[in-house]
>>> print(open('query16.cif').read())   # mmCIF, C-alpha atoms and all ligand atoms
data_entry
loop_
_atom_site.group_PDB
_atom_site.id
_atom_site.type_symbol
_atom_site.label_atom_id
_atom_site.label_comp_id
_atom_site.auth_asym_id
_atom_site.auth_seq_id
_atom_site.Cartn_x
_atom_site.Cartn_y
_atom_site.Cartn_z
ATOM 1 C CA MET A 1 -59.368 37.963 35.381
ATOM 2 C CA LEU A 2 -57.006 38.898 38.237
ATOM 3 C CA GLU A 3 -57.347 42.543 39.306
ATOM 4 C CA ILE A 4 -55.000 44.093 41.840
ATOM 5 C CA ASP A 5 -55.695 47.613 43.013
ATOM 6 C CA ILE A 6 -53.642 48.643 46.020
ATOM 7 C CA ALA A 7 -53.787 52.261 47.156
ATOM 8 C CA ARG A 8 -51.365 51.665 50.028
ATOM 9 C CA LYS A 9 -49.748 48.847 51.953
ATOM 10 C CA ILE A 10 -48.023 50.051 55.096
ATOM 11 C CA TYR A 11 -45.864 48.158 57.592
ATOM 12 C CA PRO A 12 -45.673 49.731 61.028
ATOM 13 C CA ASP A 13 -42.069 50.321 62.035
ATOM 14 C CA ARG A 14 -40.714 49.314 65.413
ATOM 15 C CA GLY A 15 -39.830 52.941 66.189
ATOM 16 C CA GLY A 16 -43.429 54.036 65.604
ATOM 17 C CA ARG A 17 -42.777 55.253 62.078
ATOM 18 C CA SER A 18 -44.428 53.421 59.213
ATOM 19 C CA HIS A 19 -42.936 52.050 56.016
ATOM 20 C CA VAL A 20 -44.999 52.402 52.833
ATOM 21 C CA ALA A 21 -44.241 49.169 50.960
ATOM 22 C CA LEU A 22 -46.680 49.581 48.039
ATOM 23 C CA GLN A 23 -48.523 52.621 46.733
ATOM 24 C CA ASP A 24 -50.923 53.090 43.805
ATOM 25 C CA LEU A 25 -50.166 49.657 42.473
ATOM 26 C CA HIS A 26 -52.494 48.512 39.693
ATOM 27 C CA LEU A 27 -52.014 45.229 37.926
ATOM 28 C CA THR A 28 -54.322 42.949 35.972
ATOM 29 C CA ALA A 29 -53.784 39.542 34.415
ATOM 30 C CA GLN A 30 -56.037 37.880 31.859
ATOM 31 C CA PRO A 31 -57.094 34.248 32.368
ATOM 32 C CA GLY A 32 -54.240 32.037 31.209
ATOM 33 C CA GLU A 33 -51.760 34.900 30.973
ATOM 34 C CA PHE A 34 -48.164 34.502 32.196
ATOM 35 C CA VAL A 35 -47.103 37.753 33.896
ATOM 36 C CA CYS A 36 -43.604 38.274 35.272
ATOM 37 C CA LEU A 37 -42.966 40.924 37.918
ATOM 38 C CA VAL A 38 -39.490 42.406 38.005
ATOM 39 C CA GLY A 39 -38.234 45.028 40.416
ATOM 40 C CA PRO A 40 -35.345 46.062 42.645
ATOM 41 C CA SER A 41 -34.712 44.406 45.979
ATOM 42 C CA GLY A 42 -37.121 45.615 48.657
ATOM 43 C CA CYS A 43 -39.675 47.111 46.244
ATOM 44 C CA GLY A 44 -42.447 44.972 47.702
ATOM 45 C CA LYS A 45 -42.714 41.946 45.375
ATOM 46 C CA SER A 46 -43.136 39.389 48.169
ATOM 47 C CA THR A 47 -45.445 41.779 50.009
ATOM 48 C CA LEU A 48 -47.634 41.907 46.909
ATOM 49 C CA LEU A 49 -47.796 38.120 46.538
ATOM 50 C CA ASN A 50 -48.702 37.753 50.232
ATOM 51 C CA LEU A 51 -51.594 40.171 49.719
ATOM 52 C CA VAL A 52 -52.805 38.339 46.605
ATOM 53 C CA VAL A 53 -52.669 34.908 48.215
ATOM 54 C CA GLY A 54 -54.413 36.245 51.323
ATOM 55 C CA LEU A 55 -51.575 35.522 53.785
ATOM 56 C CA ASP A 56 -51.806 39.230 54.609
ATOM 57 C CA ALA A 57 -55.108 41.130 54.368
ATOM 58 C CA ASP A 58 -53.961 44.382 55.962
ATOM 59 C CA MET A 59 -54.005 46.898 53.088
ATOM 60 C CA ASP A 60 -55.872 49.801 51.659
ATOM 61 C CA GLY A 61 -56.947 48.167 48.414
ATOM 62 C CA ARG A 62 -58.604 45.246 46.713
ATOM 63 C CA VAL A 63 -57.541 42.022 45.040
ATOM 64 C CA THR A 64 -60.108 40.049 43.038
ATOM 65 C CA LEU A 65 -60.026 36.945 40.886
ATOM 66 C CA GLU A 66 -63.054 36.609 38.594
ATOM 67 C CA GLY A 67 -64.624 39.432 40.600
ATOM 68 C CA ARG A 68 -64.232 37.700 43.978
ATOM 69 C CA THR A 69 -61.661 37.627 46.753
ATOM 70 C CA PRO A 70 -59.223 34.869 45.749
ATOM 71 C CA GLY A 71 -59.957 31.734 47.742
ATOM 72 C CA LYS A 72 -59.001 28.096 47.263
ATOM 73 C CA GLY A 73 -57.868 27.591 43.636
ATOM 74 C CA ILE A 74 -54.506 29.376 44.150
ATOM 75 C CA GLY A 75 -51.228 27.510 43.751
ATOM 76 C CA VAL A 76 -48.117 28.979 45.339
ATOM 77 C CA MET A 77 -44.420 28.260 44.936
ATOM 78 C CA PHE A 78 -41.770 30.039 46.994
ATOM 79 C CA GLN A 79 -37.972 30.272 46.802
ATOM 80 C CA GLU A 80 -37.683 27.387 49.239
ATOM 81 C CA PRO A 81 -39.558 24.238 48.230
ATOM 82 C CA ARG A 82 -41.191 24.058 51.714
ATOM 83 C CA LEU A 83 -41.758 20.286 51.615
ATOM 84 C CA MET A 84 -42.745 18.372 54.746
ATOM 85 C CA PRO A 85 -39.669 16.258 55.564
ATOM 86 C CA TRP A 86 -41.695 13.556 57.309
ATOM 87 C CA LEU A 87 -43.945 12.959 54.277
ATOM 88 C CA SER A 88 -43.012 11.140 51.068
ATOM 89 C CA VAL A 89 -42.898 12.908 47.699
ATOM 90 C CA LEU A 90 -46.383 11.645 46.816
ATOM 91 C CA GLU A 91 -47.789 12.514 50.256
ATOM 92 C CA ASN A 92 -46.378 16.042 49.970
ATOM 93 C CA VAL A 93 -48.210 16.555 46.707
ATOM 94 C CA LEU A 94 -51.442 14.977 47.967
ATOM 95 C CA LEU A 95 -51.363 17.130 51.088
ATOM 96 C CA VAL A 96 -52.807 20.137 49.235
ATOM 97 C CA THR A 97 -55.619 18.216 47.527
ATOM 98 C CA ALA A 98 -59.190 18.187 48.813
ATOM 99 C CA ASP A 99 -59.605 14.427 48.278
ATOM 100 C CA PRO A 100 -56.217 12.630 48.319
ATOM 101 C CA GLN A 101 -57.764 9.264 47.499
ATOM 102 C CA ARG A 102 -59.470 10.562 44.372
ATOM 103 C CA GLU A 103 -56.487 12.699 43.281
ATOM 104 C CA ARG A 104 -53.875 9.976 43.819
ATOM 105 C CA GLU A 105 -53.711 8.757 40.197
ATOM 106 C CA ARG A 106 -53.528 12.287 38.843
ATOM 107 C CA ALA A 107 -50.791 13.206 41.337
ATOM 108 C CA ILE A 108 -48.768 10.142 40.292
ATOM 109 C CA GLU A 109 -49.200 11.036 36.598
ATOM 110 C CA LEU A 110 -48.060 14.575 37.288
ATOM 111 C CA LEU A 111 -45.010 13.379 39.243
ATOM 112 C CA GLN A 112 -44.157 10.952 36.445
ATOM 113 C CA ALA A 113 -44.387 13.792 33.935
ATOM 114 C CA MET A 114 -41.923 15.671 36.152
ATOM 115 C CA GLU A 115 -39.601 12.623 35.957
ATOM 116 C CA LEU A 116 -40.152 11.814 39.617
ATOM 117 C CA GLY A 117 -41.871 8.459 39.076
ATOM 118 C CA ASP A 118 -38.966 6.569 40.699
ATOM 119 C CA VAL A 119 -39.034 8.559 43.948
ATOM 120 C CA LEU A 120 -42.764 8.705 44.724
ATOM 121 C CA HIS A 121 -42.204 7.136 48.138
ATOM 122 C CA ALA A 122 -38.862 8.765 48.968
ATOM 123 C CA TYR A 123 -38.550 11.468 51.600
ATOM 124 C CA PRO A 124 -37.523 14.987 50.519
ATOM 125 C CA GLY A 125 -34.213 14.819 52.429
ATOM 126 C CA ARG A 126 -32.985 12.209 49.939
ATOM 127 C CA LEU A 127 -33.636 14.433 46.905
ATOM 128 C CA SER A 128 -31.408 16.998 45.197
ATOM 129 C CA GLY A 129 -32.384 20.687 45.284
ATOM 130 C CA GLY A 130 -33.634 20.497 41.692
ATOM 131 C CA MET A 131 -35.779 17.430 42.445
ATOM 132 C CA GLN A 132 -37.273 19.121 45.509
ATOM 133 C CA ARG A 133 -38.289 22.108 43.343
ATOM 134 C CA ARG A 134 -39.889 19.697 40.866
ATOM 135 C CA VAL A 135 -41.947 18.231 43.715
ATOM 136 C CA ALA A 136 -42.949 21.766 44.738
ATOM 137 C CA LEU A 137 -43.922 22.502 41.127
ATOM 138 C CA ALA A 138 -46.067 19.353 40.990
ATOM 139 C CA ARG A 139 -47.676 20.330 44.303
ATOM 140 C CA ALA A 140 -48.494 23.788 42.924
ATOM 141 C CA PHE A 141 -50.135 22.318 39.809
ATOM 142 C CA VAL A 142 -51.943 19.310 41.290
ATOM 143 C CA ILE A 143 -54.965 21.404 42.284
ATOM 144 C CA GLU A 144 -55.145 22.762 38.710
ATOM 145 C CA PRO A 145 -55.031 26.303 40.058
ATOM 146 C CA ALA A 146 -56.847 29.141 38.347
ATOM 147 C CA LEU A 147 -54.001 31.323 39.615
ATOM 148 C CA LEU A 148 -50.409 30.316 40.278
ATOM 149 C CA LEU A 149 -48.162 32.671 42.274
ATOM 150 C CA MET A 150 -44.426 32.072 42.107
ATOM 151 C CA ASP A 151 -41.836 33.943 44.170
ATOM 152 C CA GLU A 152 -38.389 33.402 42.606
ATOM 153 C CA PRO A 153 -38.963 29.636 42.541
ATOM 154 C CA PHE A 154 -35.781 28.750 40.619
ATOM 155 C CA VAL A 155 -33.302 31.040 42.349
ATOM 156 C CA SER A 156 -29.939 29.543 43.392
ATOM 157 C CA LEU A 157 -30.211 26.505 41.105
ATOM 158 C CA ASP A 158 -27.474 25.788 38.562
ATOM 159 C CA ALA A 159 -28.314 27.071 35.061
ATOM 160 C CA PRO A 160 -29.140 23.709 33.362
ATOM 161 C CA THR A 161 -31.413 22.647 36.270
ATOM 162 C CA ALA A 162 -33.184 26.014 36.262
ATOM 163 C CA ASP A 163 -33.617 25.817 32.452
ATOM 164 C CA ARG A 164 -35.157 22.359 32.779
ATOM 165 C CA LEU A 165 -37.553 23.493 35.500
ATOM 166 C CA ARG A 166 -38.596 26.536 33.477
ATOM 167 C CA ALA A 167 -39.324 24.281 30.490
ATOM 168 C CA MET A 168 -41.409 21.996 32.736
ATOM 169 C CA LEU A 169 -43.275 24.971 34.160
ATOM 170 C CA VAL A 170 -44.103 26.321 30.696
ATOM 171 C CA GLY A 171 -45.184 22.832 29.571
ATOM 172 C CA LEU A 172 -47.578 22.510 32.533
ATOM 173 C CA TRP A 173 -48.853 26.059 32.087
ATOM 174 C CA GLN A 174 -49.529 25.518 28.378
ATOM 175 C CA ARG A 175 -51.570 22.401 29.188
ATOM 176 C CA ARG A 176 -53.484 23.798 32.178
ATOM 177 C CA ARG A 177 -53.639 27.469 31.198
ATOM 178 C CA SER A 178 -53.497 28.773 34.767
ATOM 179 C CA THR A 179 -52.929 32.497 35.146
ATOM 180 C CA VAL A 180 -49.350 32.840 36.417
ATOM 181 C CA VAL A 181 -47.780 35.729 38.353
ATOM 182 C CA PHE A 182 -44.052 35.028 38.588
ATOM 183 C CA VAL A 183 -41.648 37.234 40.570
ATOM 184 C CA THR A 184 -37.999 37.366 39.544
ATOM 185 C CA HIS A 185 -34.913 39.551 39.804
ATOM 186 C CA ASP A 186 -33.652 38.209 36.508
ATOM 187 C CA LEU A 187 -34.824 40.113 33.444
ATOM 188 C CA ARG A 188 -33.682 37.343 31.081
ATOM 189 C CA GLU A 189 -35.742 34.802 33.007
ATOM 190 C CA ALA A 190 -38.745 37.161 32.887
ATOM 191 C CA ILE A 191 -38.461 37.631 29.112
ATOM 192 C CA ALA A 192 -37.977 33.883 28.596
ATOM 193 C CA LEU A 193 -41.167 33.053 30.496
ATOM 194 C CA ALA A 194 -43.652 35.891 30.212
ATOM 195 C CA ASP A 195 -46.456 36.994 27.950
ATOM 196 C CA ARG A 196 -45.981 40.356 29.674
ATOM 197 C CA VAL A 197 -43.246 41.725 31.944
ATOM 198 C CA CYS A 198 -44.308 44.299 34.566
ATOM 199 C CA PHE A 199 -41.630 46.422 36.182
ATOM 200 C CA LEU A 200 -42.033 47.739 39.717
ATOM 201 C CA SER A 201 -40.466 50.966 40.958
ATOM 202 C CA ALA A 202 -38.237 51.137 44.015
ATOM 203 C CA ALA A 203 -40.222 51.332 47.291
ATOM 204 C CA PRO A 204 -43.008 52.116 47.533
ATOM 205 C CA GLY A 205 -43.577 49.668 44.708
ATOM 206 C CA ARG A 206 -45.941 50.396 41.840
ATOM 207 C CA VAL A 207 -46.039 49.227 38.241
ATOM 208 C CA VAL A 208 -44.068 51.724 36.149
ATOM 209 C CA LEU A 209 -43.617 49.842 32.882
ATOM 210 C CA GLU A 210 -45.366 46.952 31.133
ATOM 211 C CA VAL A 211 -43.740 45.182 28.199
ATOM 212 C CA PRO A 212 -45.611 42.557 26.171
ATOM 213 C CA VAL A 213 -43.330 39.741 24.991
ATOM 214 C CA SER A 214 -44.335 38.118 21.732
ATOM 215 C CA LEU A 215 -41.180 36.117 21.001
ATOM 216 C CA PRO A 216 -41.968 32.583 19.812
ATOM 217 C CA ARG A 217 -41.820 29.769 22.377
ATOM 218 C CA PRO A 218 -39.953 27.753 23.519
ATOM 219 C CA ARG A 219 -37.531 30.373 24.802
ATOM 220 C CA ALA A 220 -34.557 30.160 27.147
ATOM 221 C CA PRO A 221 -32.877 33.012 29.059
ATOM 222 C CA ASN A 222 -29.739 32.884 26.907
ATOM 223 C CA ASP A 223 -31.503 32.821 23.529
ATOM 224 C CA ALA A 224 -30.261 35.548 21.203
ATOM 225 C CA ALA A 225 -33.771 37.010 20.855
ATOM 226 C CA VAL A 226 -34.228 37.157 24.650
ATOM 227 C CA LEU A 227 -30.837 38.817 25.153
ATOM 228 C CA ALA A 228 -31.553 41.287 22.338
ATOM 229 C CA LEU A 229 -34.878 42.348 23.888
ATOM 230 C CA ARG A 230 -33.186 42.701 27.269
ATOM 231 C CA GLU A 231 -30.479 44.924 25.742
ATOM 232 C CA ARG A 232 -33.123 47.035 24.030
ATOM 233 C CA LEU A 233 -35.036 47.523 27.286
ATOM 234 C CA LEU A 234 -31.867 48.397 29.190
ATOM 235 C CA ALA A 235 -31.003 50.986 26.539
ATOM 236 C CA GLN A 236 -34.521 52.477 26.534
ATOM 237 C CA HIS A 237 -34.948 52.577 30.325
ATOM 238 C CA PRO A 238 -31.463 52.881 31.818
ATOM 239 C CA ASP A 239 -32.525 54.493 35.111
ATOM 240 C CA LEU A 240 -35.355 52.096 35.758
ATOM 241 C CA LEU A 241 -33.402 48.960 35.039
ATOM 242 C CA ALA A 242 -29.922 49.898 36.292
ATOM 243 C CA GLY A 243 -30.395 48.214 39.668
ATOM 244 C CA LEU A 244 -31.569 44.971 38.125
ATOM 245 C CA THR A 245 -28.512 43.997 36.128
ATOM 246 C CA THR A 246 -26.299 43.844 39.225
ATOM 247 C CA GLN A 247 -28.579 41.155 40.663
ATOM 248 C CA GLU A 248 -28.715 38.946 37.587
ATOM 249 C CA PRO A 249 -26.739 35.720 37.441
ATOM 250 C CA GLU A 250 -23.828 35.498 35.010
ATOM 251 C CA ILE A 251 -24.717 34.943 31.380
ATOM 252 C CA ASP A 252 -23.383 31.548 30.300
ATOM 253 C CA ALA A 253 -20.810 31.652 27.507
HETATM 254 N N1 LIG A 301 -43.479 41.913 58.054
HETATM 255 C C1 LIG A 301 -42.860 43.058 57.769
HETATM 256 N N2 LIG A 301 -42.770 44.049 58.685
HETATM 257 C C2 LIG A 301 -42.162 45.219 58.411
HETATM 258 N N3 LIG A 301 -41.605 45.503 57.216
HETATM 259 C C3 LIG A 301 -41.645 44.553 56.270
HETATM 260 C C4 LIG A 301 -42.272 43.286 56.483
HETATM 261 N N4 LIG A 301 -42.152 42.548 55.336
HETATM 262 C C5 LIG A 301 -41.492 43.326 54.460
HETATM 263 N N5 LIG A 301 -41.180 44.521 55.007
HETATM 264 C C6 LIG A 301 -40.503 45.632 54.341
HETATM 265 O O1 LIG A 301 -41.246 45.985 53.179
HETATM 266 C C7 LIG A 301 -40.361 46.227 52.081
HETATM 267 C C8 LIG A 301 -40.716 45.289 50.931
HETATM 268 O O2 LIG A 301 -40.350 43.964 51.294
HETATM 269 P P1 LIG A 301 -40.549 42.721 50.304
HETATM 270 O O3 LIG A 301 -39.955 41.521 50.955
HETATM 271 O O4 LIG A 301 -41.951 42.651 49.890
HETATM 272 O O5 LIG A 301 -39.656 43.181 49.072
HETATM 273 P P2 LIG A 301 -39.119 42.335 47.831
HETATM 274 O O6 LIG A 301 -39.253 43.211 46.646
HETATM 275 O O7 LIG A 301 -39.791 41.010 47.781
HETATM 276 O O8 LIG A 301 -37.592 42.161 48.234
HETATM 277 P P3 LIG A 301 -36.519 41.114 47.668
HETATM 278 O O9 LIG A 301 -36.459 41.332 46.206
HETATM 279 O O10 LIG A 301 -35.252 41.537 48.365
HETATM 280 O O11 LIG A 301 -36.986 39.742 48.055
HETATM 281 C C9 LIG A 301 -38.949 46.057 52.621
HETATM 282 O O12 LIG A 301 -38.458 47.338 52.967
HETATM 283 C C10 LIG A 301 -39.124 45.202 53.849
HETATM 284 O O13 LIG A 301 -38.139 45.506 54.820
#
>>> encode(input="query16.cif", output="structure tokens", more="lines below")
Ligand SMILES: Nc1ncnc2c1ncn2[C@@H]1O[C@H](COP(=O)(O)OP(=O)(O)OP(=O)(O)O)[C@@H](O)[C@H]1O
Amino acid sequence: MLEIDIARKIYPDRGGRSHVALQDLHLTAQPGEFVCLVGPSGCGKSTLLNLVVGLDADMDGRVTLEGRTPGKGIGVMFQEPRLMPWLSVLENVLLVTADPQRERERAIELLQAMELGDVLHAYPGRLSGGMQRRVALARAFVIEPALLLMDEPFVSLDAPTADRLRAMLVGLWQRRRSTVVFVTHDLREAIALADRVCFLSAAPGRVVLEVPVSLPRPRAPNDAAVLALRERLLAQHPDLLAGLTTQEPEIDA
């Protein structure tokens, strides 16, 4: 189980004043659970992921995975695919593995499942944005992570490409059953993906609402049931969710 207990995360300000980014933030995720985190811009979502992954350890609090400080076994996917331009698609994926020789076949299988079998030896600069994100998704899953952290990984893609990537993500997650913490601004995307949506307050961020989502899968952001749940939440929590709707992409006709 993932347990996040952050009393305070403070950034020192240049002028000597400090900025409290997170306060009294408690969040847990069960093994294999898909949790989406939604919150207004600047509420500390990326700060939280950095603390969980261990890129930043400066906090008053504790993050544990199965009772221990999270170590290797974490997959991460950011907004930018962050591929090494001088390495091929396959080499990029193998880069994160402990034993590239042993993992090679599995990496190729994974890339083929992501419909990237024809570009294993191509360099990232030759690939479309959607293909680069698929490589990043394969790289996140190749280590079969116990925990996968995703920071708006499908932002700024066209709607059909993003839908396809979300379907691939859910397919991989259902097979591997990693615990996923997925940050998004888009409430429809959160409802389409999550077992549970957690809403963060404006800064300093803390979890102010948790909504279990039991709609049948597969789901897509523009499904009637997803849109209906979103409308219901907006009606029930107008103050909390007002800021979110302005940041959502257009709903396709
Ligand atoms: N390294 C840093 N030093 C100082 N302040 C920071 C640093 N990183 C983030 N902050 C501040 O902490 C707050 C939270 O930032 P963070 O990027 O975590 O928010 P976010 O919810 O991910 O934002 P967005 O949704 O816009 O990506 C912001 O006010 C930001 O300016």
>>> residues_near_ligand(input="query16.cif", ligand="ligand LIG 301 (chain A)", cutoff="6 Å", atoms="only C-alpha atoms and all ligand atoms", output="PDB file with C-alpha atoms, in the coordinates of the input")
ATOM      1  CA  TYR A  11     -45.864  48.158  57.592  1.00  0.00           C
ATOM      2  CA  ALA A  21     -44.241  49.169  50.960  1.00  0.00           C
ATOM      3  CA  SER A  41     -34.712  44.406  45.979  1.00  0.00           C
ATOM      4  CA  GLY A  42     -37.121  45.615  48.657  1.00  0.00           C
ATOM      5  CA  CYS A  43     -39.675  47.111  46.244  1.00  0.00           C
ATOM      6  CA  GLY A  44     -42.447  44.972  47.702  1.00  0.00           C
ATOM      7  CA  LYS A  45     -42.714  41.946  45.375  1.00  0.00           C
ATOM      8  CA  SER A  46     -43.136  39.389  48.169  1.00  0.00           C
ATOM      9  CA  THR A  47     -45.445  41.779  50.009  1.00  0.00           C
TER      10      THR A  47
END
>>> closest_residue(input="query16.cif", among="A:Val35, A:Pro238, A:Asp13, A:Val119", to="Phe182 in chain A", atoms="all atoms listed in the file")
A:Val35
>>> resolve_selection(input="query16.cif", expression="the PyMOL selection byres (((chain A and resi 33) around 7) and not hetatm)", output="PyMOL selection string")
chain A and resi 29-32+34-35+179-180+195
>>> resolve_selection(input="query16.cif", expression="the PyMOL selection byres (((chain A and resi 230) around 10) and not hetatm)", output="ChimeraX atom specification")
/A:187-188,190-191,221,224-229,231-236,241
>>> residues_around(input="query16.cif", residues="Ile10 in chain A", least_positions_apart="3", cutoff="9 Å", atoms="all atoms listed in the file", output="number ranges by chain")
A: 18-23, 58-60
>>> residues_around(input="query16.cif", residues="Thr28 in chain A", least_positions_apart="5", cutoff="9 Å", atoms="only C-alpha atoms", output="PyMOL selection string")
chain A and resi 1-5
>>> axis_aligned_box(input="query16.cif", around="range 24-37 of chain A", padding_each_side="5 Å", output="JSON")
{"center_x": -50.0, "center_y": 42.6, "center_z": 37.4, "size_x": 24.1, "size_y": 31.1, "size_z": 22.8}
>>> resolve_selection(input="query16.cif", expression="the PyMOL selection byres (((chain A and resi 70-78) around 8) and not hetatm)", output="tab-separated table (two decimals) with C-alpha atoms, in the coordinates of the input")
chain	number	residue	atom	x	y	z
A	52	VAL	CA	-52.80	38.34	46.60
A	53	VAL	CA	-52.67	34.91	48.22
A	54	GLY	CA	-54.41	36.24	51.32
A	63	VAL	CA	-57.54	42.02	45.04
A	64	THR	CA	-60.11	40.05	43.04
A	65	LEU	CA	-60.03	36.94	40.89
A	68	ARG	CA	-64.23	37.70	43.98
A	69	THR	CA	-61.66	37.63	46.75
A	79	GLN	CA	-37.97	30.27	46.80
A	80	GLU	CA	-37.68	27.39	49.24
A	81	PRO	CA	-39.56	24.24	48.23
A	82	ARG	CA	-41.19	24.06	51.71
A	136	ALA	CA	-42.95	21.77	44.74
A	137	LEU	CA	-43.92	22.50	41.13
A	140	ALA	CA	-48.49	23.79	42.92
A	141	PHE	CA	-50.14	22.32	39.81
A	143	ILE	CA	-54.96	21.40	42.28
A	144	GLU	CA	-55.14	22.76	38.71
A	145	PRO	CA	-55.03	26.30	40.06
A	146	ALA	CA	-56.85	29.14	38.35
A	147	LEU	CA	-54.00	31.32	39.62
A	148	LEU	CA	-50.41	30.32	40.28
A	149	LEU	CA	-48.16	32.67	42.27
A	150	MET	CA	-44.43	32.07	42.11
A	151	ASP	CA	-41.84	33.94	44.17
A	152	GLU	CA	-38.39	33.40	42.61
A	153	PRO	CA	-38.96	29.64	42.54
>>> atom_distance(input="query16.cif", atom1="CA of Ser201 in chain A", atom2="CA of Gly39 in chain A")
6.4 Å
>>> atom_distance(input="query16.cif", atom1="CA of Val213 in chain A", atom2="CA of Leu165 in chain A")
20.2 Å
>>> atom_distance(input="query16.cif", atom1="CA of Pro85 in chain A", atom2="CA of Leu172 in chain A")
25.1 Å
>>> residues_around(input="query16.cif", residues="range 112-114 of chain A", least_positions_apart="3", cutoff="12 Å", atoms="all atoms listed in the file", output="number ranges by chain")
A: 89-90, 105-109, 117-120, 130-139, 141-142, 164-169, 171-172
>>> closest_residue(input="query16.cif", among="A:Arg196, A:Arg62, A:Arg206, A:Arg102", to="Leu25 in chain A", atoms="all atoms listed in the file")
A:Arg206
>>> closest_residue(input="query16.cif", among="A:Arg177, A:Glu189, A:Ala194, A:Leu127", to="Phe154 in chain A", atoms="all atoms listed in the file")
A:Glu189
>>> closest_residue(input="query16.cif", among="A:Gly16, A:Gly61, A:Gly125, A:Pro218", to="Val170 in chain A", atoms="all atoms listed in the file")
A:Pro218
>>> decode(input="query16.cif", residues="range 70-121 of chain A", atoms="C-alpha atoms", output="CSV table (one decimal), in the first residue's frame")
chain,number,residue,atom,x,y,z
A,70,PRO,CA,9.8,4.0,-2.1
A,71,GLY,CA,13.0,2.9,-3.9
A,72,LYS,CA,13.6,1.3,-7.3
A,73,GLY,CA,10.2,-0.2,-8.5
A,74,ILE,CA,8.7,3.2,-9.4
A,75,GLY,CA,7.8,4.1,-13.0
A,76,VAL,CA,7.4,7.7,-13.9
A,77,MET,CA,5.9,9.5,-16.9
A,78,PHE,CA,5.9,13.3,-17.2
A,79,GLN,CA,4.2,15.7,-19.5
A,80,GLU,CA,7.2,15.7,-21.8
A,81,PRO,CA,8.3,12.2,-23.0
A,82,ARG,CA,11.9,12.9,-21.9
A,83,LEU,CA,13.5,10.5,-24.4
A,84,MET,CA,17.2,10.5,-25.1
A,85,PRO,CA,17.5,11.7,-28.7
A,86,TRP,CA,20.7,9.9,-29.3
A,87,LEU,CA,19.3,6.5,-28.4
A,88,SER,CA,16.9,4.4,-30.5
A,89,VAL,CA,13.4,3.6,-29.3
A,90,LEU,CA,14.4,0.2,-28.0
A,91,GLU,CA,17.6,1.6,-26.3
A,92,ASN,CA,15.4,4.3,-24.6
A,93,VAL,CA,13.2,1.6,-23.1
A,94,LEU,CA,16.1,-0.6,-22.1
A,95,LEU,CA,17.9,2.3,-20.5
A,96,VAL,CA,15.8,2.0,-17.3
A,97,THR,CA,16.2,-1.8,-16.9
A,98,ALA,CA,18.6,-3.4,-14.6
A,99,ASP,CA,19.8,-6.0,-17.1
A,100,PRO,CA,19.1,-4.8,-20.7
A,101,GLN,CA,20.3,-8.1,-22.3
A,102,ARG,CA,17.9,-10.1,-20.3
A,103,GLU,CA,15.0,-7.6,-20.6
A,104,ARG,CA,15.4,-7.1,-24.4
A,105,GLU,CA,12.8,-9.7,-25.5
A,106,ARG,CA,10.2,-8.3,-23.0
A,107,ALA,CA,10.9,-4.7,-24.1
A,108,ILE,CA,10.4,-5.7,-27.7
A,109,GLU,CA,7.1,-7.4,-26.9
A,110,LEU,CA,6.0,-4.4,-25.0
A,111,LEU,CA,6.9,-2.0,-27.8
A,112,GLN,CA,5.1,-4.3,-30.3
A,113,ALA,CA,2.0,-4.3,-28.1
A,114,MET,CA,2.2,-0.5,-28.2
A,115,GLU,CA,2.3,-0.7,-32.1
A,116,LEU,CA,5.9,0.4,-32.2
A,117,GLY,CA,7.4,-2.8,-33.6
A,118,ASP,CA,8.3,-1.1,-36.9
A,119,VAL,CA,10.3,1.7,-35.2
A,120,LEU,CA,12.4,-0.2,-32.7
A,121,HIS,CA,15.6,1.2,-34.1
